[in-house]
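Note: the block below is my_file36.csv and it holds CSV, C-alpha atoms.
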chain,number,residue,atom,x,y,z
A,133,MET,CA,161.1,15.5,241.2
A,134,GLU,CA,163.2,18.7,241.6
A,135,LYS,CA,160.0,20.7,242.1
A,136,ARG,CA,158.9,18.3,244.9
A,137,ILE,CA,162.2,18.6,246.7
A,138,THR,CA,162.1,22.4,246.5
A,139,ARG,CA,158.6,22.4,247.9
A,140,TRP,CA,159.7,20.1,250.7
A,141,LEU,CA,162.5,22.5,251.5
A,142,GLU,CA,160.1,25.5,251.5
A,143,LYS,CA,157.7,23.7,253.9
A,144,GLY,CA,160.6,22.8,256.2
A,145,LEU,CA,160.2,19.1,255.8
A,146,ILE,CA,163.9,18.7,254.9
A,147,ASP,CA,167.0,20.8,255.6
A,148,LYS,CA,169.1,22.5,252.9
A,149,GLN,CA,171.9,19.8,253.0
A,150,THR,CA,169.4,17.0,252.5
A,151,ALA,CA,167.7,19.0,249.7
A,152,LEU,CA,171.0,19.5,247.8
A,153,ALA,CA,171.8,15.7,248.1
A,154,LEU,CA,168.4,14.8,246.8
A,155,LEU,CA,168.6,17.3,244.0
A,156,LYS,CA,171.9,15.8,242.9
A,157,GLU,CA,170.6,12.3,243.0
A,158,ALA,CA,167.5,13.3,241.1
A,159,LYS,CA,169.5,14.9,238.4
A,160,GLU,CA,171.8,11.9,238.1
A,161,GLU,CA,168.7,9.6,237.9
A,162,LYS,CA,167.2,11.8,235.2
A,163,ALA,CA,170.4,11.8,233.2
A,164,LYS,CA,170.6,8.0,233.5
A,165,ASN,CA,167.0,7.5,232.3
A,166,HIS,CA,167.7,9.8,229.4
A,167,LYS,CA,170.8,7.9,228.5
A,168,LEU,CA,168.9,4.6,228.7
A,169,LYS,CA,166.1,5.9,226.4
A,170,LEU,CA,168.7,7.1,224.0
A,171,ASN,CA,170.5,3.8,224.0
A,172,ILE,CA,167.3,1.9,223.3
A,173,ALA,CA,166.5,4.2,220.4
A,174,ILE,CA,170.0,3.8,219.0
A,175,TYR,CA,170.0,0.0,219.4
A,176,THR,CA,166.5,-0.2,217.8
A,177,THR,CA,167.5,2.0,214.8
A,178,SER,CA,170.8,0.2,214.3
A,179,ILE,CA,169.1,-3.2,214.3
A,180,VAL,CA,166.5,-2.0,211.7
A,181,LEU,CA,169.3,-0.5,209.5
A,182,ILE,CA,171.3,-3.8,209.7
A,183,GLY,CA,168.3,-5.8,208.7
A,184,MET,CA,167.6,-3.4,205.8
A,185,GLY,CA,171.2,-3.7,204.8
A,186,ILE,CA,171.1,-7.5,204.6
A,187,ILE,CA,167.9,-7.4,202.6
A,188,SER,CA,169.2,-4.8,200.2
A,189,PHE,CA,172.5,-6.8,199.8
A,190,ILE,CA,170.5,-9.9,198.9
A,191,ALA,CA,168.2,-8.0,196.6
A,192,ALA,CA,171.2,-6.4,194.8
A,193,ASN,CA,172.9,-9.7,194.0
A,194,ASP,CA,170.9,-11.7,191.4
A,195,TRP,CA,172.9,-14.9,192.0
A,196,ILE,CA,171.8,-14.9,195.7
A,197,LEU,CA,168.2,-14.5,194.6
A,198,GLN,CA,168.5,-17.2,192.0
A,199,LEU,CA,170.0,-19.5,194.6
A,200,PHE,CA,167.2,-18.9,197.0
A,201,ASN,CA,164.6,-19.4,194.2
A,202,LYS,CA,166.2,-22.7,193.3
A,203,PHE,CA,166.6,-23.9,196.8
A,204,GLU,CA,163.7,-22.3,198.7
A,205,ILE,CA,164.7,-24.2,201.9
A,206,LEU,CA,167.7,-21.9,202.1
A,207,LYS,CA,165.4,-18.9,202.9
A,208,ILE,CA,164.0,-20.8,205.9
A,209,ILE,CA,167.4,-21.9,207.0
A,210,LEU,CA,168.7,-18.3,206.8
A,211,MET,CA,165.8,-17.0,208.9
A,212,LEU,CA,166.3,-19.7,211.5
A,213,ILE,CA,170.0,-18.8,211.7
A,214,LEU,CA,169.2,-15.1,212.1
A,215,THR,CA,166.5,-15.8,214.7
A,216,SER,CA,168.8,-18.1,216.7
A,217,ALA,CA,171.8,-15.7,216.5
A,218,SER,CA,169.6,-12.8,217.7
A,219,LEU,CA,168.2,-14.8,220.6
A,220,LEU,CA,171.5,-16.3,221.7
A,221,GLY,CA,173.4,-13.1,221.2
A,222,GLY,CA,170.9,-11.1,223.2
A,223,TYR,CA,170.9,-13.7,226.0
A,224,HIS,CA,174.7,-13.6,226.1
A,225,LEU,CA,174.9,-9.8,226.2
A,226,ALA,CA,172.1,-9.2,228.7
A,227,TYR,CA,172.3,-12.2,231.1
A,228,GLU,CA,175.7,-13.8,230.8
A,229,LYS,CA,178.2,-11.0,230.3
A,230,LYS,CA,175.6,-8.4,231.5
A,231,ASN,CA,177.7,-5.6,229.9
A,232,TYR,CA,175.1,-4.5,227.3
A,233,PRO,CA,171.7,-5.4,228.9
A,234,ARG,CA,169.7,-2.9,226.7
A,235,LEU,CA,171.3,-4.2,223.5
A,236,GLY,CA,170.7,-7.8,224.7
A,237,ASN,CA,167.1,-7.2,225.4
A,238,ALA,CA,166.6,-5.5,222.1
A,239,LEU,CA,168.1,-8.5,220.3
A,240,VAL,CA,165.9,-10.9,222.3
A,241,PHE,CA,162.8,-8.9,221.3
A,242,LEU,CA,164.0,-8.8,217.7
A,243,SER,CA,164.2,-12.6,217.7
A,244,THR,CA,160.5,-12.8,218.7
A,245,LEU,CA,159.7,-10.7,215.6
A,246,LEU,CA,161.9,-12.9,213.4
A,247,ILE,CA,160.0,-16.0,214.7
A,248,GLY,CA,156.9,-14.6,213.1
A,249,GLY,CA,158.8,-13.8,209.9
A,250,THR,CA,160.0,-17.4,209.8
A,251,TYR,CA,156.5,-18.8,210.1
A,252,ALA,CA,155.3,-16.4,207.4
A,253,LEU,CA,158.1,-17.5,205.1
A,254,ILE,CA,157.3,-21.2,205.7
A,255,GLY,CA,153.7,-20.5,204.9
A,256,GLN,CA,154.6,-18.6,201.7
A,257,THR,CA,157.1,-21.3,200.6
A,258,TYR,CA,154.7,-24.2,201.0
A,259,ASN,CA,151.6,-22.3,199.9
A,260,ILE,CA,150.0,-22.2,203.3
A,261,ASN,CA,147.8,-19.2,204.2
A,262,ALA,CA,150.2,-17.0,206.2
A,263,ASN,CA,147.5,-14.6,207.3
A,264,ASN,CA,145.3,-17.0,209.2
A,265,SER,CA,144.9,-17.6,212.9
A,266,GLY,CA,147.2,-20.6,212.8
A,267,LEU,CA,150.2,-18.4,212.2
A,268,MET,CA,149.3,-16.1,215.1
A,269,PHE,CA,148.8,-18.9,217.5
A,270,MET,CA,152.0,-20.6,216.5
A,271,TRP,CA,153.8,-17.3,216.9
A,272,LEU,CA,152.1,-16.8,220.3
A,273,ILE,CA,153.1,-20.2,221.6
A,274,SER,CA,156.7,-19.6,220.5
A,275,VAL,CA,157.1,-16.2,222.2
A,276,VAL,CA,155.1,-16.6,225.4
A,277,PRO,CA,157.8,-18.7,227.2
A,278,LEU,CA,160.4,-16.0,226.3
A,279,ALA,CA,158.2,-13.3,227.8
A,280,TYR,CA,158.1,-15.1,231.2
A,281,LEU,CA,161.7,-16.4,231.0
A,282,TYR,CA,163.1,-12.9,230.4
A,283,LYS,CA,160.4,-11.1,232.3
A,284,SER,CA,160.1,-8.8,229.2
A,285,LYS,CA,157.1,-6.4,229.1
A,286,ALA,CA,157.7,-5.8,225.4
A,287,ILE,CA,157.4,-9.5,224.6
A,288,ASN,CA,154.5,-9.9,226.9
A,289,PHE,CA,152.7,-7.0,225.1
A,290,LEU,CA,153.5,-8.7,221.8
A,291,SER,CA,152.0,-11.9,223.0
A,292,ILE,CA,148.8,-10.1,224.0
A,293,VAL,CA,148.6,-8.5,220.5
A,294,LEU,CA,149.1,-11.9,218.9
A,295,TYR,CA,146.4,-13.5,221.1
A,296,ILE,CA,143.9,-10.8,220.1
A,297,LEU,CA,144.8,-11.1,216.4
A,298,GLY,CA,144.7,-14.9,216.6
A,299,ILE,CA,141.1,-14.9,217.9
A,300,CYS,CA,140.0,-12.2,215.4
A,301,PHE,CA,141.6,-14.1,212.5
A,302,TYR,CA,140.0,-17.3,213.6
A,303,PHE,CA,136.5,-15.9,213.6
A,304,GLY,CA,137.4,-14.1,210.3
A,305,ASP,CA,138.4,-17.5,208.8
A,306,ILE,CA,135.1,-19.1,209.8
A,307,SER,CA,132.9,-16.1,208.9
A,308,SER,CA,132.6,-17.5,205.3
A,309,ARG,CA,130.9,-20.6,206.7
A,310,MET,CA,128.8,-19.0,209.5
A,311,SER,CA,127.5,-15.6,210.6
A,312,ILE,CA,129.7,-13.9,213.2
A,313,ASN,CA,128.2,-11.2,215.4
A,314,ALA,CA,130.4,-8.1,216.0
A,315,LEU,CA,129.6,-8.1,219.8
A,316,TYR,CA,130.7,-11.7,220.5
A,317,VAL,CA,134.3,-11.5,219.5
A,318,PRO,CA,135.4,-8.4,221.6
A,319,LEU,CA,133.5,-9.8,224.6
A,320,ILE,CA,135.2,-13.2,224.4
A,321,VAL,CA,138.6,-11.5,223.9
A,322,GLY,CA,138.1,-9.2,226.9
A,323,THR,CA,136.8,-11.8,229.3
A,324,SER,CA,139.4,-14.4,228.3
A,325,LEU,CA,142.3,-11.8,228.8
A,326,TYR,CA,140.9,-10.9,232.2
A,327,THR,CA,140.6,-14.5,233.2
A,328,ILE,CA,144.2,-15.2,232.0
A,329,GLY,CA,145.3,-12.4,234.3
A,330,ASN,CA,143.9,-14.2,237.3
A,331,ILE,CA,145.8,-17.5,236.6
A,332,PRO,CA,147.6,-18.1,240.0
A,333,PHE,CA,151.0,-18.5,238.4
A,334,ILE,CA,150.7,-15.2,236.5
A,335,LEU,CA,148.9,-13.4,239.4
A,336,ASN,CA,151.5,-14.2,242.1
A,337,LYS,CA,154.8,-14.3,240.2
A,338,PHE,CA,154.2,-11.8,237.3
A,339,ASN,CA,151.9,-9.3,238.8
A,340,LYS,CA,152.7,-6.6,236.2
A,341,PHE,CA,151.8,-9.0,233.4
A,342,SER,CA,148.6,-9.9,235.2
A,343,LEU,CA,147.6,-6.2,235.4
A,344,ASN,CA,148.3,-5.7,231.7
A,345,TYR,CA,146.0,-8.6,230.8
A,346,LYS,CA,143.2,-7.2,233.0
A,347,LEU,CA,143.5,-3.6,231.9
A,348,ILE,CA,143.6,-4.5,228.2
A,349,GLY,CA,140.8,-7.0,228.7
A,350,LEU,CA,138.6,-4.4,230.3
A,351,VAL,CA,138.8,-2.1,227.3
A,352,PRO,CA,136.8,-4.2,224.8
A,353,ILE,CA,134.3,-5.2,227.5
A,354,PHE,CA,133.7,-1.6,228.4
A,355,TRP,CA,133.3,-0.4,224.8
A,356,ILE,CA,130.9,-3.3,223.9
A,357,PHE,CA,128.7,-2.6,226.9
A,358,LEU,CA,128.9,1.1,226.0
A,359,ALA,CA,127.7,0.3,222.5
A,360,ALA,CA,125.0,-2.0,223.9
A,361,THR,CA,123.6,0.9,226.0
A,362,CYS,CA,122.8,2.7,222.7
A,363,ALA,CA,121.3,-0.2,220.8
A,364,ASP,CA,117.6,-0.8,221.2
A,365,ASP,CA,117.5,-4.1,219.3
A,366,THR,CA,120.8,-5.8,220.3
A,367,SER,CA,120.7,-9.5,219.9
A,368,ILE,CA,123.4,-12.2,219.1
A,369,ARG,CA,121.2,-15.3,219.0
A,370,CYS,CA,123.3,-18.1,217.5
A,371,ASP,CA,123.3,-21.9,217.3
A,372,GLU,CA,126.8,-22.4,216.1
A,373,PRO,CA,128.8,-24.8,218.4
A,374,VAL,CA,132.0,-22.7,218.2
A,375,TYR,CA,130.2,-19.9,220.2
A,376,PHE,CA,129.4,-22.3,223.1
A,377,ILE,CA,132.7,-24.1,223.0
A,378,THR,CA,134.9,-21.0,223.4
A,379,LEU,CA,132.5,-19.5,225.9
A,380,PHE,CA,132.5,-22.6,228.1
A,381,MET,CA,136.3,-22.9,227.9
A,382,VAL,CA,136.7,-19.3,229.3
A,383,LEU,CA,134.0,-19.9,231.9
A,384,ALA,CA,135.6,-23.1,233.0
A,385,LEU,CA,139.1,-21.5,233.4
A,386,ASN,CA,137.4,-18.6,235.3
A,387,PHE,CA,135.9,-21.0,237.9
A,388,VAL,CA,139.2,-23.0,238.1
A,389,ASN,CA,140.9,-19.7,239.0
A,390,PHE,CA,138.2,-19.0,241.5
A,391,PHE,CA,138.7,-22.2,243.4
A,392,ILE,CA,142.5,-22.1,243.3
A,393,ASN,CA,142.7,-18.5,244.5
A,394,LYS,CA,140.0,-18.6,247.2
A,395,PHE,CA,142.6,-19.1,249.9
A,396,ASP,CA,144.7,-16.2,248.7
A,397,LYS,CA,145.3,-13.2,250.9
A,398,ASN,CA,143.4,-11.1,248.4
A,399,GLY,CA,140.7,-13.7,248.2
A,400,ASN,CA,137.8,-11.3,248.6
A,401,LEU,CA,139.0,-9.1,245.8
A,402,LEU,CA,139.5,-12.1,243.5
A,403,LYS,CA,136.0,-13.4,244.3
A,404,ILE,CA,134.6,-10.1,243.2
A,405,GLU,CA,136.7,-10.2,239.9
A,406,THR,CA,135.9,-13.8,239.0
A,407,GLY,CA,132.2,-13.3,240.0
A,408,PHE,CA,131.9,-10.3,237.7
A,409,ILE,CA,133.6,-12.1,234.7
A,410,ALA,CA,131.5,-15.2,235.3
A,411,THR,CA,128.4,-13.0,235.3
A,412,VAL,CA,129.4,-11.4,232.0
A,413,LEU,CA,130.0,-14.8,230.5
A,414,LEU,CA,126.6,-16.1,231.7
A,415,PHE,CA,125.1,-13.0,230.3
A,416,LEU,CA,126.8,-13.7,227.0
A,417,LEU,CA,125.5,-17.3,227.1
A,418,MET,CA,121.9,-16.0,227.5
A,419,LEU,CA,122.4,-13.7,224.5
A,420,ILE,CA,123.4,-16.5,222.2
A,421,SER,CA,121.1,-19.2,223.5
A,422,ILE,CA,117.7,-17.6,224.5
A,423,PRO,CA,115.4,-16.7,221.6
A,424,ASN,CA,114.2,-13.1,221.5
A,425,PHE,CA,116.5,-12.1,224.3
A,426,GLY,CA,117.5,-8.5,223.7
A,427,GLY,CA,116.2,-5.0,223.4
A,428,ILE,CA,115.6,-3.0,226.6
A,429,PHE,CA,116.8,-5.8,228.9
A,430,ILE,CA,120.3,-5.8,227.3
A,431,MET,CA,120.4,-2.0,227.5
A,432,LEU,CA,119.6,-2.2,231.3
A,433,LEU,CA,122.2,-5.0,231.9
A,434,ALA,CA,124.8,-3.0,229.9
A,435,HIS,CA,124.3,0.0,232.1
A,436,ILE,CA,124.6,-2.2,235.2
A,437,PHE,CA,127.8,-3.8,234.0
A,438,ILE,CA,129.5,-0.4,233.1
A,439,ILE,CA,128.6,1.0,236.5
A,440,THR,CA,130.0,-2.2,238.1
A,441,ILE,CA,133.3,-1.9,236.1
A,442,ILE,CA,133.7,1.8,237.1
A,443,THR,CA,132.9,1.1,240.8
A,444,TYR,CA,135.2,-1.9,241.0
A,445,GLY,CA,138.0,0.0,239.2
A,446,TYR,CA,137.9,2.8,241.7
A,447,ASN,CA,137.8,0.3,244.6
A,448,TYR,CA,140.8,-1.5,243.2
A,449,GLY,CA,142.8,1.6,242.4
A,450,TYR,CA,142.3,3.3,245.8
A,451,LYS,CA,142.8,0.0,247.7
A,452,PHE,CA,146.2,-0.6,246.1
A,453,LYS,CA,147.0,3.1,245.7
A,454,ASP,CA,147.5,2.9,242.0
A,455,ALA,CA,147.0,6.3,240.3
A,456,LYS,CA,147.2,4.8,236.8
A,457,ILE,CA,144.2,2.5,237.3
A,458,VAL,CA,142.2,5.4,238.8
A,459,GLY,CA,143.2,7.6,235.8
A,460,ILE,CA,141.9,4.9,233.3
A,461,VAL,CA,138.6,4.5,235.3
A,462,ASN,CA,138.2,8.3,235.3
A,463,TRP,CA,138.2,8.2,231.4
A,464,PHE,CA,135.7,5.4,231.5
A,465,LEU,CA,133.4,7.4,233.8
A,466,VAL,CA,133.7,10.6,231.7
A,467,ILE,CA,133.0,8.8,228.4
A,468,TYR,CA,130.0,7.0,229.9
A,469,LEU,CA,128.5,10.1,231.4
A,470,THR,CA,129.2,12.3,228.3
A,471,LEU,CA,127.7,9.7,225.9
A,472,ASN,CA,124.5,9.3,228.0
A,473,TYR,CA,124.1,13.0,228.6
A,474,CYS,CA,124.4,13.7,224.9
A,475,ARG,CA,122.0,10.9,224.0
A,476,TRP,CA,119.2,11.7,226.5
A,477,SER,CA,119.5,15.5,226.6
A,478,TRP,CA,120.1,16.6,223.1
A,479,ASN,CA,116.5,16.3,221.9
A,480,PHE,CA,114.9,17.4,225.1
A,481,MET,CA,116.8,20.5,226.1
A,482,GLU,CA,117.5,23.9,224.6
A,483,LYS,CA,121.0,23.8,222.9
A,484,THR,CA,122.4,26.8,224.9
A,485,LEU,CA,121.3,25.1,228.2
A,486,PHE,CA,122.5,21.8,226.9
A,487,PHE,CA,126.1,23.0,226.4
A,488,LEU,CA,126.2,25.1,229.6
A,489,ILE,CA,124.9,22.4,231.9
A,490,GLY,CA,127.2,19.8,230.2
A,491,GLY,CA,130.2,22.0,230.4
A,492,PHE,CA,129.8,23.0,234.0
A,493,ALA,CA,129.0,19.4,235.0
A,494,LEU,CA,132.1,18.1,233.4
A,495,LEU,CA,134.2,20.9,234.8
A,496,SER,CA,133.0,20.1,238.3
A,497,LEU,CA,133.6,16.4,237.8
A,498,GLY,CA,137.1,17.1,236.5
A,499,ILE,CA,138.0,19.1,239.5
A,500,PHE,CA,136.6,16.5,241.9
A,501,LEU,CA,138.5,13.6,240.1
A,502,GLU,CA,141.7,15.6,240.0
A,503,ARG,CA,141.6,16.3,243.7
A,504,LYS,CA,141.0,12.6,244.5
A,505,GLN,CA,143.8,11.5,242.1
A,506,ARG,CA,146.2,14.2,243.5
A,507,GLY,CA,145.5,12.9,247.0
A,508,LEU,CA,146.2,9.3,245.9
A,509,LYS,CA,149.5,10.3,244.3
A,510,GLN,CA,150.6,12.1,247.4
So, in terms of structure tokens, how does the structure I just supplied come out?
Amino acid sequence: MEKRITRWLEKGLIDKQTALALLKEAKEEKAKNHKLKLNIAIYTTSIVLIGMGIISFIAANDWILQLFNKFEILKIILMLILTSASLLGGYHLAYEKKNYPRLGNALVFLSTLLIGGTYALIGQTYNINANNSGLMFMWLISVVPLAYLYKSKAINFLSIVLYILGICFYFGDISSRMSINALYVPLIVGTSLYTIGNIPFILNKFNKFSLNYKLIGLVPIFWIFLAATCADDTSIRCDEPVYFITLFMVLALNFVNFFINKFDKNGNLLKIETGFIATVLLFLLMLISIPNFGGIFIMLLAHIFIITIITYGYNYGYKFKDAKIVGIVNWFLVIYLTLNYCRWSWNFMEKTLFFLIGGFALLSLGIFLERKQRGLKQ
């Protein structure tokens, strides 16, 4: 920021007095942000140390361990007490007294982790598989309300991680009874996350949460389509009901979002989004239901979908002047072009020419994208 203010002064956009005032404010803001980051690090470290101290105290006293082993319900009660104390204490500090908001939010986030620990302890105590999808979904249901109640990005990110792990664990649990294709799970995760991001309640009142769902959802979609462009015999034909049930659930939610959001001020953009996700889901339905559907046709559709993602990403980023989205799409474009250049040119071109053309092409693309992104930031 200091460099920008100095540049504005040199160009004559502001006078010296204004520049000094802005520099002073920028330095104060920088010091404040540094102090906040330091406080967060201190609070996080202190909480971890306190937790380790409690664990070591219990481990060092045999009578406590014997008591817990004799009455295993005491372990669960202790975890519930610690979880409740962390949640209530964090709420009191951050939202009632408001004198230690960073410490309060750290304690609230700690309580969401302790919730998962409590469920794992219950599973261990009563011989329930604590690594299955049920634990993840129970944990997810418990922390999602806290994410929206406290508008916490950290808890929301934790809920996304739990959602992804829950689906992966679920298909991992059933893999012993049926064959699970590696392409299906990432696609259903990506499309469902993107669809969740377009739920009207989230889209209108928690726009940052919505954007997180969409960006994280696009990543597995992009990588799976990228993999499909290189596979000549891609096919995920399957008759298992779970494939169709999960797919139709996401597809139904996608169309519900479409009809609810069609009168929104950004209705045209939402129509494009929901139409694209619906097309991906229908494409997935064809893959798992039509015999001998695969090969070159899947490769062609994968290329079309990737180009659509990149084009839409640029349109979205420049329309809403969001440099971060444009930066992510830039990476998508570079990875896609580099992969396909290497795949199609390596065996048909002299190696010296291959490296020179690829290097200069990427250099030119980098300069072009940097100019566009710099103009967007300005």
Item to complete: Tell me, as a ChimeraX atom specification, which residues lie within 7 Å of Thr215 of chain A, counting all atoms listed in the file; anything in the same chain fewer than 2 positions away does not count.
Response: /A:211-213,217-219,243,246-247
Between segment 317-345 of chain A and segment 276-286 of chain A, at 9 Å or less, what are the per-residue closest atom pairs and their distances in Å? Count all atoms listed in the file, order by chain and rising residue number, and return it as JSON lines.
{"residue": "A:Phe338", "atom": "CA", "partner": "A:Tyr280", "partner_atom": "CA", "distance": 8.0}
{"residue": "A:Lys340", "atom": "CA", "partner": "A:Lys285", "partner_atom": "CA", "distance": 8.4}
{"residue": "A:Phe341", "atom": "CA", "partner": "A:Lys285", "partner_atom": "CA", "distance": 7.3}
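In this structure, atom CA of Leu272 of chain A sits 5.6 Å away from atom CA of Ser291 of chain A.
The space between atom CA of Thr406 of chain A and atom CA of Thr440 of chain A spans 13.0 Å.
Counting only C-alpha atoms, the residue from A:Val458, A:Ile420, A:Leu495, A:Leu414 that sits nearest to Ala384 of chain A is A:Leu414.
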Worksheet entry | Residues near Leu465 of chain A, cut-off 12 Å, only C-alpha atoms, skip fewer than 2 positions along chain, as JSON, numbers by chain | {"A": [354, 355, 358, 435, 438, 439, 440, 441, 442, 443, 444, 445, 446, 458, 459, 460, 461, 462, 463, 467, 468, 469, 470, 471, 472, 494, 497, 498, 501]}
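Across the model, the gap from atom CA of Tyr223 of chain A to atom CA of Gly236 of chain A is 6.0 Å.
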Give me, as a compact mmCIF listing (two decimals) with C-alpha atoms, keeping the file's coordinate frame, all polymer residues having an atom no more than 8 Å from Thr327 of chain A, counting all atoms listed in the file and skipping those fewer than 2 positions away in the same chain.
# COMPACT_ATOMS: atom_id res chain seq x y z
CA THR A 323 136.80 -11.80 229.30
CA SER A 324 139.40 -14.40 228.30
CA LEU A 325 142.30 -11.80 228.80
CA GLY A 329 145.30 -12.40 234.30
CA ASN A 330 143.90 -14.20 237.30
CA ILE A 331 145.80 -17.50 236.60
CA LYS A 346 143.20 -7.20 233.00
CA VAL A 382 136.70 -19.30 229.30
CA LEU A 385 139.10 -21.50 233.40
CA ASN A 386 137.40 -18.60 235.30
CA ASN A 389 140.90 -19.70 239.00
CA THR A 406 135.90 -13.80 239.00
CA ILE A 409 133.60 -12.10 234.70
Worksheet item: Could you name the residues that touch Gly221 of chain A at 12 Å or less, counting all atoms listed in the file, but leaving out those on the same chain fewer than 3 positions away, as a PyMOL selection string?
Response: chain A and resi 213-218+224-230+232-233+235-243
Discussion item. Need to verify the contact set: Gly349 of chain A, 6 Å, only C-alpha atoms, exclusion of same-chain residues closer than 2 positions in sequence. Can you return it as a VMD selection string?
Written reply: chain A and resid 322 325 to 326 345 to 347 351
